Every structure is written in structure tokens, then in C-alpha cells.
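Data first, discussion second: the structure below is written as C-alpha cells.
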Amino acid sequence: MIKMSEETTVKKYFELINEQKLCAAHCASCDSLHLPPRLFCPNCNSKTTDWTQLGGEGTLRSFTVIHIAGTKYAEDVPYIVAIVALKEGPSVCARLVGVDPLKPEDIHVGDPVVADFEELSGSTSEEKATRLVFRPA
Ligand SMILES: [Zn+2]
């Protein structure tokens, strides 16, 4: 695991995602991991937080198929949003790709998944955006 001494904000979390790094806030006092990241540890209230890069392995905890989305994601439907329990402990919400959203009966809670990153098309170099996704492992 890689430790980084950057402030554990949600803004920094997405900057790390843009660098294709899935990271959790790590509490140096009680050695716990937190997603979404927090400036203070919700476990022991310490502010000695830093970043730990996660391996991206996890299991599918829950999912839903989105058929009606807001304007920004309307062209993406149908797609799957999942909650993944990561091997290191925290859970994270992200899209599940590499499966057929029209065959949800083929997707099972508990299935192993692995993190991946998608470069979002249409974004300019100043607005470079990367999306965290999970695929079947
Ligand atoms: Zn703590």
C-alpha cells in the first residue's frame, strides 16, 4: 500500500481517481480506512489522516440498474450502479461494467469484482475526467 501525505478531502479523492488510483483515507492513529474520505477519523476523531492506495479487489454487495437518468447520464442508460465491499474494508459506490444491464439475473451479490478506470469522452484536457468502475474479476 502506498501512503500519501495529502489532505484527505473528496476533491483530492477525485484527483487521485483521475490519476487512476483508488485510495481511502487512512487514520494513522487507529489504522482504520474510510471512504468517502474524511479530514478527521470517524473512529477515533484523530486528524492524523493520510491516503492509502487500495488494490481494487472486492465483492459485489448490492446493485441497481438505472433505466432513467438525469440529463448528464441520459445517453448511458441502461447502466448498473453497484456498492462494492473492498478487500481492505471500506465500501465504495461505482458503476459495474462488463456485464449486461438487461440481464440482472446473471449478476449475483457476492461476486468478485475488480476496479478499473474509464476515461470519459467529450471532456477537454483541462476537464480531464476519469470514472472509477468495477468489472467481474
Ligand atoms: Zn482513527
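Starting from 1 in every chain, residues are counted up; chains themselves are A, B, ... following the order of the C-alpha cells, and ligands are numbered from 1 as listed.
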
At most 10 Å is the cut-off: for each residue in chain A with any atom that close to an atom of ligand 1, write down the nearest atom pair and the distance in Å rounded to one decimal, counting only C-alpha atoms and all ligand atoms, chain first then increasing number, as a tab-separated table.
residue	atom	partner	partner_atom_place_in_ligand_line	distance
A:His26	CA	ligand 1	1 (Zn)	7.9
A:Cys27	CA	ligand 1	1 (Zn)	4.6
A:Ala28	CA	ligand 1	1 (Zn)	6.7
A:Ser29	CA	ligand 1	1 (Zn)	5.1
A:Cys30	CA	ligand 1	1 (Zn)	4.1
A:Asp31	CA	ligand 1	1 (Zn)	6.2
A:Ser32	CA	ligand 1	1 (Zn)	5.8
A:Leu33	CA	ligand 1	1 (Zn)	8.3
A:His34	CA	ligand 1	1 (Zn)	9.5
A:Phe40	CA	ligand 1	1 (Zn)	7.8
A:Cys41	CA	ligand 1	1 (Zn)	4.6
A:Pro42	CA	ligand 1	1 (Zn)	6.7
A:Asn43	CA	ligand 1	1 (Zn)	4.9
A:Cys44	CA	ligand 1	1 (Zn)	4.1
A:Asn45	CA	ligand 1	1 (Zn)	6.0
A:Ser46	CA	ligand 1	1 (Zn)	5.4
A:Lys47	CA	ligand 1	1 (Zn)	7.9
A:Thr48	CA	ligand 1	1 (Zn)	7.8
A:Thr49	CA	ligand 1	1 (Zn)	7.9

Output of the above residues as a compact mmCIF listing (two decimals), in the first residue's frame, restricted to all heavy atoms:
# COMPACT_ATOMS: atom_id res chain seq x y z
N HIS A 26 -6.77 7.13 5.41
CA HIS A 26 -6.22 6.21 6.39
C HIS A 26 -5.94 6.97 7.68
O HIS A 26 -5.37 8.06 7.65
CB HIS A 26 -4.92 5.60 5.85
CG HIS A 26 -4.12 4.88 6.89
ND1 HIS A 26 -2.98 5.40 7.46
CD2 HIS A 26 -4.32 3.67 7.47
CE1 HIS A 26 -2.51 4.55 8.34
NE2 HIS A 26 -3.30 3.49 8.36
N CYS A 27 -6.36 6.43 8.81
CA CYS A 27 -6.07 7.05 10.10
C CYS A 27 -4.79 6.44 10.66
O CYS A 27 -4.73 5.24 10.91
CB CYS A 27 -7.22 6.83 11.07
SG CYS A 27 -6.83 7.46 12.71
N ALA A 28 -3.79 7.29 10.82
CA ALA A 28 -2.51 6.81 11.34
C ALA A 28 -2.60 6.46 12.82
O ALA A 28 -1.77 5.71 13.33
CB ALA A 28 -1.43 7.88 11.11
N SER A 29 -3.60 7.01 13.52
CA SER A 29 -3.73 6.74 14.95
C SER A 29 -4.32 5.36 15.24
O SER A 29 -3.82 4.64 16.09
CB SER A 29 -4.59 7.81 15.62
OG SER A 29 -3.92 9.04 15.60
N CYS A 30 -5.41 5.02 14.53
CA CYS A 30 -6.07 3.73 14.83
C CYS A 30 -6.00 2.76 13.65
O CYS A 30 -6.60 1.69 13.71
CB CYS A 30 -7.50 3.96 15.30
SG CYS A 30 -8.64 4.47 13.99
N ASP A 31 -5.32 3.15 12.56
CA ASP A 31 -5.08 2.28 11.41
C ASP A 31 -6.38 1.84 10.73
O ASP A 31 -6.47 0.74 10.21
CB ASP A 31 -4.25 1.05 11.82
CG ASP A 31 -3.55 0.41 10.62
OD1 ASP A 31 -3.23 1.14 9.67
OD2 ASP A 31 -3.35 -0.82 10.64
N SER A 32 -7.40 2.72 10.72
CA SER A 32 -8.65 2.39 10.02
C SER A 32 -8.69 3.11 8.68
O SER A 32 -7.98 4.09 8.46
CB SER A 32 -9.85 2.78 10.88
OG SER A 32 -9.83 4.17 11.16
N LEU A 33 -9.51 2.60 7.76
CA LEU A 33 -9.66 3.15 6.41
C LEU A 33 -11.07 3.68 6.23
O LEU A 33 -12.03 3.06 6.72
CB LEU A 33 -9.37 2.07 5.37
CG LEU A 33 -7.94 1.55 5.31
CD1 LEU A 33 -7.88 0.34 4.38
CD2 LEU A 33 -6.99 2.64 4.83
N HIS A 34 -11.20 4.79 5.49
CA HIS A 34 -12.51 5.42 5.34
C HIS A 34 -12.78 5.90 3.92
O HIS A 34 -11.96 6.58 3.32
CB HIS A 34 -12.64 6.60 6.32
CG HIS A 34 -12.37 6.17 7.73
ND1 HIS A 34 -13.30 5.49 8.47
CD2 HIS A 34 -11.26 6.26 8.49
CE1 HIS A 34 -12.77 5.21 9.65
NE2 HIS A 34 -11.54 5.65 9.69
N PHE A 40 -11.18 14.09 9.48
CA PHE A 40 -10.98 13.55 10.81
C PHE A 40 -11.46 12.10 10.83
O PHE A 40 -12.46 11.77 10.19
CB PHE A 40 -11.78 14.35 11.86
CG PHE A 40 -11.26 15.75 12.04
CD1 PHE A 40 -11.71 16.77 11.23
CD2 PHE A 40 -10.33 16.04 13.02
CE1 PHE A 40 -11.23 18.07 11.38
CE2 PHE A 40 -9.84 17.32 13.18
CZ PHE A 40 -10.29 18.34 12.36
N CYS A 41 -10.78 11.27 11.57
CA CYS A 41 -11.16 9.87 11.64
C CYS A 41 -12.50 9.73 12.38
O CYS A 41 -12.61 10.16 13.53
CB CYS A 41 -10.08 9.07 12.37
SG CYS A 41 -10.55 7.35 12.63
N PRO A 42 -13.54 9.11 11.75
CA PRO A 42 -14.82 8.92 12.43
C PRO A 42 -14.74 7.86 13.52
O PRO A 42 -15.65 7.72 14.33
CB PRO A 42 -15.76 8.51 11.30
CG PRO A 42 -14.88 7.94 10.25
CD PRO A 42 -13.55 8.64 10.37
N ASN A 43 -13.66 7.13 13.55
CA ASN A 43 -13.48 6.06 14.53
C ASN A 43 -12.88 6.59 15.84
O ASN A 43 -13.33 6.23 16.92
CB ASN A 43 -12.59 4.98 13.92
CG ASN A 43 -12.58 3.70 14.72
OD1 ASN A 43 -13.62 3.28 15.23
ND2 ASN A 43 -11.42 3.10 14.84
N CYS A 44 -11.85 7.47 15.74
CA CYS A 44 -11.15 7.92 16.95
C CYS A 44 -10.99 9.45 17.02
O CYS A 44 -10.33 9.96 17.92
CB CYS A 44 -9.79 7.24 17.06
SG CYS A 44 -8.57 7.84 15.88
N ASN A 45 -11.56 10.17 16.04
CA ASN A 45 -11.53 11.64 15.98
C ASN A 45 -10.14 12.22 15.74
O ASN A 45 -9.95 13.43 15.83
CB ASN A 45 -12.14 12.27 17.24
CG ASN A 45 -13.63 12.00 17.33
OD1 ASN A 45 -14.31 12.00 16.32
ND2 ASN A 45 -14.11 11.74 18.53
N SER A 46 -9.18 11.39 15.44
CA SER A 46 -7.83 11.89 15.15
C SER A 46 -7.83 12.64 13.83
O SER A 46 -8.60 12.33 12.92
CB SER A 46 -6.85 10.72 15.08
OG SER A 46 -5.62 11.17 14.57
N LYS A 47 -6.96 13.64 13.70
CA LYS A 47 -6.81 14.32 12.41
C LYS A 47 -5.52 13.90 11.72
O LYS A 47 -5.05 14.55 10.80
CB LYS A 47 -6.89 15.83 12.57
CG LYS A 47 -5.84 16.45 13.43
CD LYS A 47 -6.01 17.98 13.45
CE LYS A 47 -4.94 18.62 14.32
NZ LYS A 47 -5.07 20.07 14.37
N THR A 48 -4.95 12.78 12.16
CA THR A 48 -3.71 12.28 11.55
C THR A 48 -4.05 11.35 10.39
O THR A 48 -3.66 10.19 10.36
CB THR A 48 -2.85 11.53 12.58
OG1 THR A 48 -3.61 10.45 13.10
CG2 THR A 48 -2.39 12.45 13.69
N THR A 49 -4.80 11.91 9.41
CA THR A 49 -5.21 11.08 8.28
C THR A 49 -4.27 11.28 7.10
O THR A 49 -3.74 12.36 6.89
CB THR A 49 -6.65 11.40 7.86
OG1 THR A 49 -6.76 12.80 7.64
CG2 THR A 49 -7.65 10.97 8.91

Q) Near range 51-58 of chain A, counting only C-alpha atoms, which residues have an atom at most 9 Å away, once you skip same-chain residues fewer than 5 positions from it, shown as a PyMOL selection string? A) chain A and resi 1-8+21-27+33+37+84-89+91+110-116+134+137

Q: Provide the CA of Pro104 in chain A to CA of Glu119 in chain A distance in Å, to one decimal place.
A: 25.0 Å

Q) Residues of chain A in alpha helix (DSSP H) according to DSSP, as a ChimeraX atom specification? A) /A:10-18

Q. Can you list every residue in range 58-128 of chain A that DSSP puts in strand (DSSP E or B), as a PyMOL selection string?
A. chain A and resi 58-66+79-86+91-96+112-119

Store the residues picked out above in a file with N, CA and C atoms, as an mmCIF file, in the first residue's frame.
data_model
loop_
_atom_site.group_PDB
_atom_site.id
_atom_site.type_symbol
_atom_site.label_atom_id
_atom_site.label_comp_id
_atom_site.auth_asym_id
_atom_site.auth_seq_id
_atom_site.Cartn_x
_atom_site.Cartn_y
_atom_site.Cartn_z
ATOM 1 N N GLY A 58 -12.621 -6.566 -4.735
ATOM 2 C CA GLY A 58 -13.751 -6.505 -3.825
ATOM 3 C C GLY A 58 -14.825 -7.486 -4.214
ATOM 4 N N THR A 59 -15.931 -7.425 -3.477
ATOM 5 C CA THR A 59 -17.078 -8.256 -3.805
ATOM 6 C C THR A 59 -18.307 -7.371 -3.939
ATOM 7 N N LEU A 60 -19.197 -7.805 -4.823
ATOM 8 C CA LEU A 60 -20.421 -7.058 -5.079
ATOM 9 C C LEU A 60 -21.348 -7.181 -3.868
ATOM 10 N N ARG A 61 -21.676 -6.040 -3.282
ATOM 11 C CA ARG A 61 -22.550 -6.048 -2.110
ATOM 12 C C ARG A 61 -24.003 -5.799 -2.502
ATOM 13 N N SER A 62 -24.209 -4.919 -3.482
ATOM 14 C CA SER A 62 -25.556 -4.598 -3.943
ATOM 15 C C SER A 62 -25.441 -3.908 -5.295
ATOM 16 N N PHE A 63 -26.527 -3.907 -6.059
ATOM 17 C CA PHE A 63 -26.504 -3.174 -7.326
ATOM 18 C C PHE A 63 -27.921 -2.833 -7.746
ATOM 19 N N THR A 64 -28.015 -1.851 -8.656
ATOM 20 C CA THR A 64 -29.301 -1.498 -9.237
ATOM 21 C C THR A 64 -29.072 -1.124 -10.693
ATOM 22 N N VAL A 65 -30.072 -1.358 -11.519
ATOM 23 C CA VAL A 65 -29.982 -0.999 -12.933
ATOM 24 C C VAL A 65 -30.701 0.335 -13.120
ATOM 25 N N ILE A 66 -29.968 1.296 -13.680
ATOM 26 C CA ILE A 66 -30.533 2.617 -13.929
ATOM 27 C C ILE A 66 -31.122 2.641 -15.342
ATOM 28 N N TYR A 79 -27.627 1.351 -17.296
ATOM 29 C CA TYR A 79 -26.320 1.042 -16.712
ATOM 30 C C TYR A 79 -26.521 0.612 -15.265
ATOM 31 N N ILE A 80 -25.483 0.048 -14.699
ATOM 32 C CA ILE A 80 -25.580 -0.519 -13.356
ATOM 33 C C ILE A 80 -24.748 0.304 -12.381
ATOM 34 N N VAL A 81 -25.334 0.647 -11.259
ATOM 35 C CA VAL A 81 -24.607 1.272 -10.163
ATOM 36 C C VAL A 81 -24.534 0.240 -9.042
ATOM 37 N N ALA A 82 -23.323 0.038 -8.533
ATOM 38 C CA ALA A 82 -23.107 -1.015 -7.543
ATOM 39 C C ALA A 82 -22.444 -0.470 -6.283
ATOM 40 N N ILE A 83 -22.651 -1.171 -5.210
ATOM 41 C CA ILE A 83 -21.863 -0.946 -3.994
ATOM 42 C C ILE A 83 -20.931 -2.146 -3.875
ATOM 43 N N VAL A 84 -19.637 -1.836 -3.780
ATOM 44 C CA VAL A 84 -18.610 -2.881 -3.719
ATOM 45 C C VAL A 84 -17.926 -2.833 -2.355
ATOM 46 N N ALA A 85 -17.873 -3.972 -1.707
ATOM 47 C CA ALA A 85 -17.111 -4.105 -0.456
ATOM 48 C C ALA A 85 -15.678 -4.436 -0.833
ATOM 49 N N LEU A 86 -14.773 -3.497 -0.560
ATOM 50 C CA LEU A 86 -13.381 -3.675 -0.945
ATOM 51 C C LEU A 86 -12.678 -4.624 0.018
ATOM 52 N N SER A 91 -16.368 0.304 1.718
ATOM 53 C CA SER A 91 -17.212 0.075 0.553
ATOM 54 C C SER A 91 -17.223 1.333 -0.292
ATOM 55 N N VAL A 92 -17.452 1.152 -1.583
ATOM 56 C CA VAL A 92 -17.486 2.289 -2.491
ATOM 57 C C VAL A 92 -18.596 2.067 -3.515
ATOM 58 N N CYS A 93 -19.188 3.159 -3.954
ATOM 59 C CA CYS A 93 -20.263 3.124 -4.945
ATOM 60 C C CYS A 93 -19.671 3.494 -6.299
ATOM 61 N N ALA A 94 -19.922 2.667 -7.323
ATOM 62 C CA ALA A 94 -19.396 2.947 -8.660
ATOM 63 C C ALA A 94 -20.204 2.134 -9.664
ATOM 64 N N ARG A 95 -19.985 2.425 -10.926
ATOM 65 C CA ARG A 95 -20.660 1.647 -11.954
ATOM 66 C C ARG A 95 -20.042 0.263 -12.069
ATOM 67 N N LEU A 96 -20.897 -0.711 -12.430
ATOM 68 C CA LEU A 96 -20.449 -2.069 -12.744
ATOM 69 C C LEU A 96 -20.533 -2.218 -14.251
ATOM 70 N N PRO A 112 -17.041 -11.735 -7.130
ATOM 71 C CA PRO A 112 -15.799 -10.960 -7.052
ATOM 72 C C PRO A 112 -15.714 -9.957 -8.200
ATOM 73 N N VAL A 113 -15.260 -8.758 -7.888
ATOM 74 C CA VAL A 113 -15.112 -7.701 -8.889
ATOM 75 C C VAL A 113 -13.752 -7.025 -8.683
ATOM 76 N N VAL A 114 -13.335 -6.302 -9.703
ATOM 77 C CA VAL A 114 -12.053 -5.593 -9.626
ATOM 78 C C VAL A 114 -12.220 -4.191 -10.216
ATOM 79 N N ALA A 115 -11.544 -3.230 -9.616
ATOM 80 C CA ALA A 115 -11.643 -1.837 -10.052
ATOM 81 C C ALA A 115 -10.957 -1.630 -11.391
ATOM 82 N N ASP A 116 -11.515 -0.709 -12.152
ATOM 83 C CA ASP A 116 -10.916 -0.296 -13.418
ATOM 84 C C ASP A 116 -11.255 1.189 -13.577
ATOM 85 N N PHE A 117 -10.684 1.809 -14.599
ATOM 86 C CA PHE A 117 -10.917 3.239 -14.796
ATOM 87 C C PHE A 117 -11.297 3.487 -16.235
ATOM 88 N N GLU A 118 -12.289 4.367 -16.441
ATOM 89 C CA GLU A 118 -12.710 4.739 -17.790
ATOM 90 C C GLU A 118 -12.425 6.218 -17.994
ATOM 91 N N GLU A 119 -11.772 6.525 -19.107
ATOM 92 C CA GLU A 119 -11.596 7.926 -19.484
ATOM 93 C C GLU A 119 -12.916 8.387 -20.093
#

Q | Contact residues around His67 in chain A with only C-alpha atoms at 10 Å, ignoring same-chain residues under 4 positions, as a ChimeraX atom specification | A | /A:74,76-80,101-102

Q: Extract, using only C-alpha atoms, all DNA, RNA and protein residues at most 10 Å from Phe14 in chain A, discarding same-chain residues fewer than 4 positions from it, and format them as a count of residues only.
A: 12
